[in-house]
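Notes for the one structure printed next.
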Amino acid sequence: MDINFNSLEELYRRIKPALITKKEEMNRGLYPYIEEEDIWNYLKEVKWKKTLDLSLSEMVNDILNCDDILIDNYLKTKLNMKERTVYFDGGENEKEEINN
């Protein structure tokens, strides 16, 4: 039986229970900061990037059996690409640039 999805959001909602399970597993271990979105983004941008016609069971299998270290490295790489700013006095509106 083929299951078709009209959007990535619909697919995401369908496999979210597997993403939650993987997140909870990772949170019990060394990765308490990993969220469902991180797992989804890693798989979508890396593992599934060049793959066509994956079945729902293959996707769930990939989610549950994906190497935790690969997800963690992906997230750290993404976070390192963001510009970081030091905030003083508690808010973005009061940020100051630090000159080296």
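By order in the structure tokens, chains are A, B, ...; within a chain, residues start at 1; ligands start at 1, following the order shown.
Omitting region 27-34 of chain A and its sequence neighbours fewer than 3 positions away, and counting only C-alpha atoms, the residues within 9 Å are Lys22, Lys23, Glu24, Glu37, Asp38, Ile39, Asp68, Ile71, Asp72 and Leu75 of chain A.
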- Item | Pick from A:Asn61, A:Lys82, A:Glu9, A:Tyr74 nearest to Glu45 (chain A), counting only C-alpha atoms | A:Tyr74
- Task: For Phe5 (chain A), work out the shell of residues within 12 Å, counting only C-alpha atoms and skipping chain neighbours fewer than 5 positions away, then give it as a ChimeraX atom specification.
- Result: /A:10-15,53-56
- Message: As an exercise, work out the distance from CA of Ile3 (chain A) to CA of Glu25 (chain A) in Å and give it to one decimal place.
- Response: 27.3 Å
- Item | Straight-line distance linking CA of Asn65 (chain A) with CA of Leu43 (chain A), stated in Å to one decimal |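 A separation of 11.3 Å between them.
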- DSSP on the backbone, then: every residue of region 34-66 of chain A marked alpha helix (DSSP H), written as a list in words.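 So the alpha helix (DSSP H) residues in region 34-66 of chain A would be Glu36, Glu37, Asp38, Ile39, Trp40, Asn41, Tyr42, Leu56, Ser57, Glu58, Met59, Val60, Asn61, Asp62, Ile63, Leu64 and Asn65 of chain A.
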